[in-house]
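Only one structure is covered here, and it is reproduced in the block below.
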Amino acid sequence: ALIEIYKLFYKEDPDFSSKDINVKVQTMMSILAGFNVTLDCDYSFSLMTKLKMPVSLKLEEMVKKMYPFGVVSEVEDNVKLAEEPKKIIEIVGDSVRDAIHDEEDINETLITISKVIHASRYNLSSDADISEIAEFTNRSVDDVEASVQLVKCIEHKINKEN
């Protein structure tokens with residue numbers, strides 16, 4: 001399921017030998033959790049690193065186990081995702097990829113979006129403003145503002161679909 005979600009989200013095959021794979025999987029699943037798309041297994045995100053990036057040890061374990069597979073383009077027992085989460089994954093993935101302007105900043109952008117969604121959902125009060133979120137996530141007000149706008153835009157697209 002994780003591989004299918006990855007392919008839908010990033011529109012590419014996952015490379016489990018890549019140094020960036022853990023950040024890409026963690027941020028993707030953390031962002032998707034903000035839109036109620038999760039895997040069946042029990043993994044929860046906590047702000048463990050000094051970066052305050054949401055991290056799931058369970059996901060990290062899954063990614064490490066797949067390291068020997070390198071690039072995965074084909075899965076034998078393909079998991080069929082239900083239509084609704086599939087649509088949400090595509091909408092969120094497309095929107096996030098559109099928001100990334102520079103290939104070199106992809107991880108930073110993913111981390112920022114992930115941190116902003118997580119902080120505003122779980123760490124701060126629901127009426128926290130942009131500057132409070134920026135201070136908590138250690139991101140610039142402009143970056144937080146862009147992430148908040150992106151989330152609103154994604155929510156609008158998802159609501160339009162349903």
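Labels for the structure tokens follow display order: chains A, B, ..., residues from 1 in each chain, ligands from 1.
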List the neighbours of Val151 in chain A out to 10 Å using only C-alpha atoms; skip same-chain residues closer than 6 positions along the sequence, and give me the result as a PDB file with N, CA and C atoms, in the first residue's frame.
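Final output, saved to part24.pdb:
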```pdb
ATOM      1  N   ILE A  31       1.584  14.442   5.755  1.00  0.00           N
ATOM      2  CA  ILE A  31       0.698  15.373   5.039  1.00  0.00           C
ATOM      3  C   ILE A  31      -0.637  14.690   4.758  1.00  0.00           C
ATOM      4  N   GLY A  34      -3.091  14.425   7.507  1.00  0.00           N
ATOM      5  CA  GLY A  34      -3.827  15.671   7.698  1.00  0.00           C
ATOM      6  C   GLY A  34      -5.110  15.714   6.882  1.00  0.00           C
ATOM      7  N   PHE A  35      -5.201  14.855   5.870  1.00  0.00           N
ATOM      8  CA  PHE A  35      -6.409  14.758   5.035  1.00  0.00           C
ATOM      9  C   PHE A  35      -7.088  13.397   5.234  1.00  0.00           C
ATOM     10  N   VAL A  92      -3.758  15.790  -3.362  1.00  0.00           N
ATOM     11  CA  VAL A  92      -2.745  16.313  -2.440  1.00  0.00           C
ATOM     12  C   VAL A  92      -1.362  16.262  -3.103  1.00  0.00           C
ATOM     13  N   SER A  95      -1.024  18.881  -5.886  1.00  0.00           N
ATOM     14  CA  SER A  95      -0.950  20.232  -5.307  1.00  0.00           C
ATOM     15  C   SER A  95       0.407  20.484  -4.660  1.00  0.00           C
ATOM     16  N   VAL A  96       0.900  19.493  -3.931  1.00  0.00           N
ATOM     17  CA  VAL A  96       2.198  19.644  -3.264  1.00  0.00           C
ATOM     18  C   VAL A  96       3.311  19.762  -4.310  1.00  0.00           C
ATOM     19  N   ILE A 113       5.577  21.865   4.918  1.00  0.00           N
ATOM     20  CA  ILE A 113       4.139  21.572   4.816  1.00  0.00           C
ATOM     21  C   ILE A 113       3.746  20.578   5.902  1.00  0.00           C
ATOM     22  N   VAL A 116       3.773  22.273   9.371  1.00  0.00           N
ATOM     23  CA  VAL A 116       2.667  23.229   9.544  1.00  0.00           C
ATOM     24  C   VAL A 116       1.352  22.494   9.787  1.00  0.00           C
ATOM     25  N   ILE A 117       1.079  21.455   8.997  1.00  0.00           N
ATOM     26  CA  ILE A 117      -0.161  20.684   9.180  1.00  0.00           C
ATOM     27  C   ILE A 117      -0.164  20.036  10.565  1.00  0.00           C
ATOM     28  N   GLU A 145       2.731  30.766   5.718  1.00  0.00           N
ATOM     29  CA  GLU A 145       1.591  31.339   4.992  1.00  0.00           C
ATOM     30  C   GLU A 145       1.335  30.537   3.706  1.00  0.00           C
ATOM     31  N   LYS A 157     -10.224  21.672  -3.197  1.00  0.00           N
ATOM     32  CA  LYS A 157     -10.244  20.709  -4.321  1.00  0.00           C
ATOM     33  C   LYS A 157     -10.897  19.389  -3.903  1.00  0.00           C
TER      34      LYS A 157
END
```
Next on the checklist: With DSSP run on the backbone, what are the alpha helix (DSSP H) residues within chain A? I'd like them as a ChimeraX atom specification.
Outcome noted: /A:2-10,21-33,57-65,83-99,106-118,130-137,141-161
Next on the checklist: I'd like the contact shell of Asp42 in chain A - 10 Å cut-off, only C-alpha atoms, skipping same-chain residues fewer than 3 positions apart - returned as a count of residues only.
Outcome noted: 5
Item to check | For Asp98 in chain A: contacts at 12 Å, only C-alpha atoms, fewer than 6 positions along chain excluded, given as a PyMOL selection string | outcome: chain A and resi 9-10+90-92+106+109-110+150+153-154
Take the residues just selected and output them with C-alpha atoms as a PDB file, in the first residue's frame.
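Below you can see selection.pdb, which holds the result:
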```
ATOM      1  CA  PHE A   9       1.602  11.052  -4.599  1.00  0.00           C
ATOM      2  CA  TYR A  10       4.945  11.663  -6.311  1.00  0.00           C
ATOM      3  CA  GLU A  90      -3.652  12.382  -6.222  1.00  0.00           C
ATOM      4  CA  ILE A  91      -5.104  15.813  -5.386  1.00  0.00           C
ATOM      5  CA  VAL A  92      -2.745  16.313  -2.440  1.00  0.00           C
ATOM      6  CA  ILE A 106      11.877  19.604  -2.365  1.00  0.00           C
ATOM      7  CA  THR A 109       9.231  22.280   1.238  1.00  0.00           C
ATOM      8  CA  LEU A 110       7.837  18.854   2.152  1.00  0.00           C
ATOM      9  CA  LEU A 150      -1.808  25.265   0.053  1.00  0.00           C
ATOM     10  CA  CYS A 153      -6.514  25.037  -1.631  1.00  0.00           C
ATOM     11  CA  ILE A 154      -6.211  21.226  -1.278  1.00  0.00           C
TER      12      ILE A 154
END
```
Checklist entry - If you count only C-alpha atoms, which residues fall within 12 Å of Val75 in chain A, apart from same-chain ones fewer than 3 positions away, as a PyMOL selection string? => result chain A and resi 1-4+7+13-14+69+71-72+78-80
Would you save the residues of that selection, restricted to N, CA and C atoms, as an mmCIF file, in the first residue's frame?
```
data_model
loop_
_atom_site.group_PDB
_atom_site.id
_atom_site.type_symbol
_atom_site.label_atom_id
_atom_site.label_comp_id
_atom_site.auth_asym_id
_atom_site.auth_seq_id
_atom_site.Cartn_x
_atom_site.Cartn_y
_atom_site.Cartn_z
ATOM 1 N N ALA A 1 0.838 -1.196 0.000
ATOM 2 C CA ALA A 1 0.000 0.000 0.000
ATOM 3 C C ALA A 1 0.878 1.254 0.000
ATOM 4 N N LEU A 2 1.944 1.214 0.788
ATOM 5 C CA LEU A 2 2.838 2.369 0.874
ATOM 6 C C LEU A 2 3.439 2.701 -0.499
ATOM 7 N N ILE A 3 3.813 1.677 -1.240
ATOM 8 C CA ILE A 3 4.392 1.884 -2.575
ATOM 9 C C ILE A 3 3.351 2.486 -3.517
ATOM 10 N N GLU A 4 2.132 1.974 -3.467
ATOM 11 C CA GLU A 4 1.056 2.512 -4.312
ATOM 12 C C GLU A 4 0.788 3.980 -3.982
ATOM 13 N N LYS A 7 3.613 6.153 -5.317
ATOM 14 C CA LYS A 7 3.530 6.347 -6.770
ATOM 15 C C LYS A 7 2.449 7.363 -7.143
ATOM 16 N N ASP A 13 8.420 6.126 -9.255
ATOM 17 C CA ASP A 13 8.663 4.899 -8.495
ATOM 18 C C ASP A 13 9.541 5.220 -7.292
ATOM 19 N N PRO A 14 9.250 4.633 -6.137
ATOM 20 C CA PRO A 14 10.092 4.892 -4.966
ATOM 21 C C PRO A 14 11.460 4.229 -5.106
ATOM 22 N N PHE A 69 15.534 -3.366 -1.883
ATOM 23 C CA PHE A 69 14.787 -3.413 -3.145
ATOM 24 C C PHE A 69 15.155 -2.280 -4.096
ATOM 25 N N VAL A 71 14.969 0.706 -6.404
ATOM 26 C CA VAL A 71 13.820 1.291 -7.110
ATOM 27 C C VAL A 71 12.763 0.216 -7.302
ATOM 28 N N VAL A 72 11.539 0.501 -6.873
ATOM 29 C CA VAL A 72 10.448 -0.453 -7.024
ATOM 30 C C VAL A 72 9.466 0.093 -8.060
ATOM 31 N N ASN A 78 -0.255 -6.385 -5.983
ATOM 32 C CA ASN A 78 -0.608 -4.975 -5.925
ATOM 33 C C ASN A 78 -1.818 -4.720 -5.035
ATOM 34 N N VAL A 79 -1.701 -3.747 -4.157
ATOM 35 C CA VAL A 79 -2.819 -3.381 -3.287
ATOM 36 C C VAL A 79 -3.708 -2.408 -4.049
ATOM 37 N N LYS A 80 -4.980 -2.715 -4.114
ATOM 38 C CA LYS A 80 -5.914 -1.802 -4.768
ATOM 39 C C LYS A 80 -6.443 -0.834 -3.725
#
```
Next on the checklist: Need the shell around Ala134 in chain A: protein/DNA/RNA residues with any atom at most 12 Å away, counting only C-alpha atoms. Skip same-chain ones fewer than 6 positions apart. Format as a list of chain:residue names?
Outcome noted: A:Lys52, A:Thr112, A:Ile113, A:Lys115, A:Val116, A:Ile117, A:Ala119, A:Ser120, A:Leu124, A:Ala128, A:Ser140, A:Val141, A:Asp142, A:Asp143, A:Val144, A:Glu145, A:Ala146, A:Ser147, A:Val148
The selected residues should be written to file as a tab-separated table (two decimals), in the first residue's frame (atoms: all heavy atoms).
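out04.tsv, freshly written:
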```tsv
chain	number	residue	atom	x	y	z
A	52	LYS	N	11.78	19.23	14.82
A	52	LYS	CA	10.34	19.23	15.09
A	52	LYS	C	9.57	18.76	13.86
A	52	LYS	O	8.48	19.24	13.56
A	52	LYS	CB	9.84	20.62	15.50
A	52	LYS	CG	10.17	20.96	16.93
A	52	LYS	CD	9.41	22.21	17.35
A	52	LYS	CE	9.70	22.56	18.79
A	52	LYS	NZ	9.26	23.89	19.12
A	112	THR	N	8.35	21.52	5.59
A	112	THR	CA	7.59	22.70	6.03
A	112	THR	C	6.09	22.40	6.03
A	112	THR	O	5.40	22.65	7.02
A	112	THR	CB	7.88	23.92	5.14
A	112	THR	OG1	9.28	24.23	5.22
A	112	THR	CG2	7.08	25.14	5.58
A	113	ILE	N	5.58	21.87	4.92
A	113	ILE	CA	4.14	21.57	4.82
A	113	ILE	C	3.75	20.58	5.90
A	113	ILE	O	2.74	20.76	6.60
A	113	ILE	CB	3.79	21.02	3.41
A	113	ILE	CG1	4.08	22.07	2.34
A	113	ILE	CG2	2.33	20.58	3.35
A	113	ILE	CD1	4.10	21.53	0.92
A	115	LYS	N	5.24	19.96	8.78
A	115	LYS	CA	5.32	20.57	10.11
A	115	LYS	C	4.14	21.50	10.37
A	115	LYS	O	3.58	21.50	11.47
A	115	LYS	CB	6.63	21.36	10.24
A	115	LYS	CG	7.85	20.48	10.42
A	115	LYS	CD	9.14	21.24	10.25
A	115	LYS	CE	9.52	22.05	11.45
A	115	LYS	NZ	10.92	22.51	11.41
A	116	VAL	N	3.77	22.27	9.37
A	116	VAL	CA	2.67	23.23	9.54
A	116	VAL	C	1.35	22.49	9.79
A	116	VAL	O	0.59	22.84	10.70
A	116	VAL	CB	2.56	24.18	8.32
A	116	VAL	CG1	1.27	24.98	8.34
A	116	VAL	CG2	3.77	25.12	8.29
A	117	ILE	N	1.08	21.46	9.00
A	117	ILE	CA	-0.16	20.68	9.18
A	117	ILE	C	-0.16	20.04	10.56
A	117	ILE	O	-1.14	20.12	11.30
A	117	ILE	CB	-0.32	19.59	8.08
A	117	ILE	CG1	-0.62	20.25	6.74
A	117	ILE	CG2	-1.42	18.61	8.45
A	117	ILE	CD1	-0.64	19.28	5.56
A	119	ALA	N	1.61	20.80	13.32
A	119	ALA	CA	1.58	21.78	14.41
A	119	ALA	C	0.19	22.37	14.57
A	119	ALA	O	-0.32	22.49	15.70
A	119	ALA	CB	2.60	22.89	14.15
A	120	SER	N	-0.45	22.72	13.46
A	120	SER	CA	-1.77	23.35	13.59
A	120	SER	C	-2.84	22.36	14.00
A	120	SER	O	-3.84	22.73	14.59
A	120	SER	CB	-2.16	24.14	12.34
A	120	SER	OG	-1.62	23.64	11.18
A	124	LEU	N	-0.76	23.15	18.49
A	124	LEU	CA	-1.17	24.51	18.82
A	124	LEU	C	-2.68	24.60	18.91
A	124	LEU	O	-3.39	23.73	18.41
A	124	LEU	CB	-0.64	25.49	17.75
A	124	LEU	CG	0.88	25.48	17.56
A	124	LEU	CD1	1.27	26.29	16.34
A	124	LEU	CD2	1.58	26.05	18.80
A	128	ALA	N	-4.55	29.42	16.48
A	128	ALA	CA	-3.17	29.91	16.38
A	128	ALA	C	-3.00	30.66	15.07
A	128	ALA	O	-3.51	30.25	14.03
A	128	ALA	CB	-2.19	28.75	16.45
A	140	SER	N	9.82	30.35	8.31
A	140	SER	CA	9.51	31.77	8.09
A	140	SER	C	8.01	31.96	7.97
A	140	SER	O	7.28	31.04	7.59
A	140	SER	CB	10.20	32.26	6.81
A	140	SER	OG	9.52	31.76	5.68
A	141	VAL	N	7.56	33.17	8.29
A	141	VAL	CA	6.14	33.51	8.18
A	141	VAL	C	5.66	33.28	6.74
A	141	VAL	O	4.57	32.76	6.52
A	141	VAL	CB	5.89	34.97	8.65
A	141	VAL	CG1	4.47	35.41	8.32
A	141	VAL	CG2	6.16	35.09	10.14
A	142	ASP	N	6.49	33.63	5.77
A	142	ASP	CA	6.12	33.44	4.35
A	142	ASP	C	5.92	31.96	4.02
A	142	ASP	O	4.97	31.60	3.32
A	142	ASP	CB	7.19	34.03	3.42
A	142	ASP	CG	7.20	35.55	3.42
A	142	ASP	OD1	6.23	36.15	3.96
A	142	ASP	OD2	8.16	36.13	2.90
A	143	ASP	N	6.84	31.11	4.50
A	143	ASP	CA	6.72	29.67	4.24
A	143	ASP	C	5.47	29.10	4.88
A	143	ASP	O	4.77	28.27	4.28
A	143	ASP	CB	7.95	28.92	4.77
A	143	ASP	CG	9.19	29.13	3.91
A	143	ASP	OD1	9.06	29.70	2.81
A	143	ASP	OD2	10.29	28.74	4.35
A	144	VAL	N	5.19	29.52	6.12
A	144	VAL	CA	4.00	29.03	6.82
A	144	VAL	C	2.74	29.51	6.10
A	144	VAL	O	1.82	28.73	5.87
A	144	VAL	CB	4.00	29.49	8.30
A	144	VAL	CG1	2.67	29.17	8.96
A	144	VAL	CG2	5.14	28.82	9.05
A	145	GLU	N	2.73	30.77	5.72
A	145	GLU	CA	1.59	31.34	4.99
A	145	GLU	C	1.33	30.54	3.71
A	145	GLU	O	0.20	30.17	3.40
A	145	GLU	CB	1.87	32.81	4.65
A	145	GLU	CG	0.78	33.50	3.87
A	145	GLU	CD	-0.48	33.75	4.68
A	145	GLU	OE1	-0.37	34.26	5.81
A	145	GLU	OE2	-1.57	33.44	4.16
A	146	ALA	N	2.40	30.24	2.97
A	146	ALA	CA	2.27	29.48	1.72
A	146	ALA	C	1.71	28.09	2.01
A	146	ALA	O	0.84	27.59	1.27
A	146	ALA	CB	3.63	29.38	1.03
A	147	SER	N	2.17	27.44	3.08
A	147	SER	CA	1.68	26.10	3.43
A	147	SER	C	0.22	26.13	3.84
A	147	SER	O	-0.56	25.25	3.45
A	147	SER	CB	2.52	25.50	4.56
A	147	SER	OG	3.82	25.25	4.12
A	148	VAL	N	-0.16	27.13	4.62
A	148	VAL	CA	-1.56	27.26	5.06
A	148	VAL	C	-2.46	27.47	3.84
A	148	VAL	O	-3.52	26.85	3.72
A	148	VAL	CB	-1.72	28.41	6.09
A	148	VAL	CG1	-3.18	28.72	6.33
A	148	VAL	CG2	-1.03	28.03	7.40
```
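Using only C-alpha atoms for every distance, the candidate list A:Ile89, A:Val25, A:Met53, A:Met66 yields A:Met53 as the residue closest to Arg139 in chain A.
Checking A:His156, A:Leu47, A:Gly93, A:Lys11 one by one against Tyr122 in chain A, counting only C-alpha atoms, you find the shortest gap at A:Leu47.
Picture a line from CA of Ser30 in chain A to CA of Ser114 in chain A; it runs 5.9 Å.
Each of A:Glu60, A:Asp127, A:Glu108, A:Asp15 was checked against Met29 in chain A using only C-alpha atoms; the smallest atom-to-atom distance is that of A:Glu60.
When CA of Val37 in chain A is paired with CA of Thr137 in chain A, their separation reads 22.7 Å.
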Next on the checklist: Going by DSSP on the backbone, which residues of range 4-74 of chain A come out as strand (DSSP E)? List them as a list in words.
Outcome noted: Ser46, Leu47, Pro54 and Val55 of chain A
Create the file for the chosen residues now, containing all heavy atoms and written as a JSON list (two decimals), in the first residue's frame.
```json
[["chain", "number", "residue", "atom", "x", "y", "z"],
["A", 46, "SER", "N", 5.37, 11.63, 15.92],
["A", 46, "SER", "CA", 5.72, 12.46, 17.06],
["A", 46, "SER", "C", 6.86, 13.39, 16.64],
["A", 46, "SER", "O", 7.59, 13.11, 15.69],
["A", 46, "SER", "CB", 6.12, 11.62, 18.26],
["A", 46, "SER", "OG", 7.04, 10.64, 17.87],
["A", 47, "LEU", "N", 6.97, 14.48, 17.34],
["A", 47, "LEU", "CA", 8.01, 15.46, 17.01],
["A", 47, "LEU", "C", 9.27, 15.09, 17.79],
["A", 47, "LEU", "O", 9.51, 15.61, 18.86],
["A", 47, "LEU", "CB", 7.54, 16.86, 17.38],
["A", 47, "LEU", "CG", 6.28, 17.32, 16.68],
["A", 47, "LEU", "CD1", 5.83, 18.68, 17.19],
["A", 47, "LEU", "CD2", 6.49, 17.38, 15.18],
["A", 54, "PRO", "N", 7.43, 15.89, 12.05],
["A", 54, "PRO", "CA", 6.68, 14.70, 12.46],
["A", 54, "PRO", "C", 7.34, 13.43, 11.90],
["A", 54, "PRO", "O", 7.56, 13.33, 10.70],
["A", 54, "PRO", "CB", 5.31, 14.90, 11.82],
["A", 54, "PRO", "CG", 5.24, 16.34, 11.45],
["A", 54, "PRO", "CD", 6.65, 16.80, 11.25],
["A", 55, "VAL", "N", 7.66, 12.50, 12.79],
["A", 55, "VAL", "CA", 8.33, 11.27, 12.39],
["A", 55, "VAL", "C", 7.59, 10.07, 12.99],
["A", 55, "VAL", "O", 7.18, 10.11, 14.14],
["A", 55, "VAL", "CB", 9.80, 11.25, 12.88],
["A", 55, "VAL", "CG1", 10.45, 9.91, 12.63],
["A", 55, "VAL", "CG2", 10.60, 12.36, 12.22]]
```
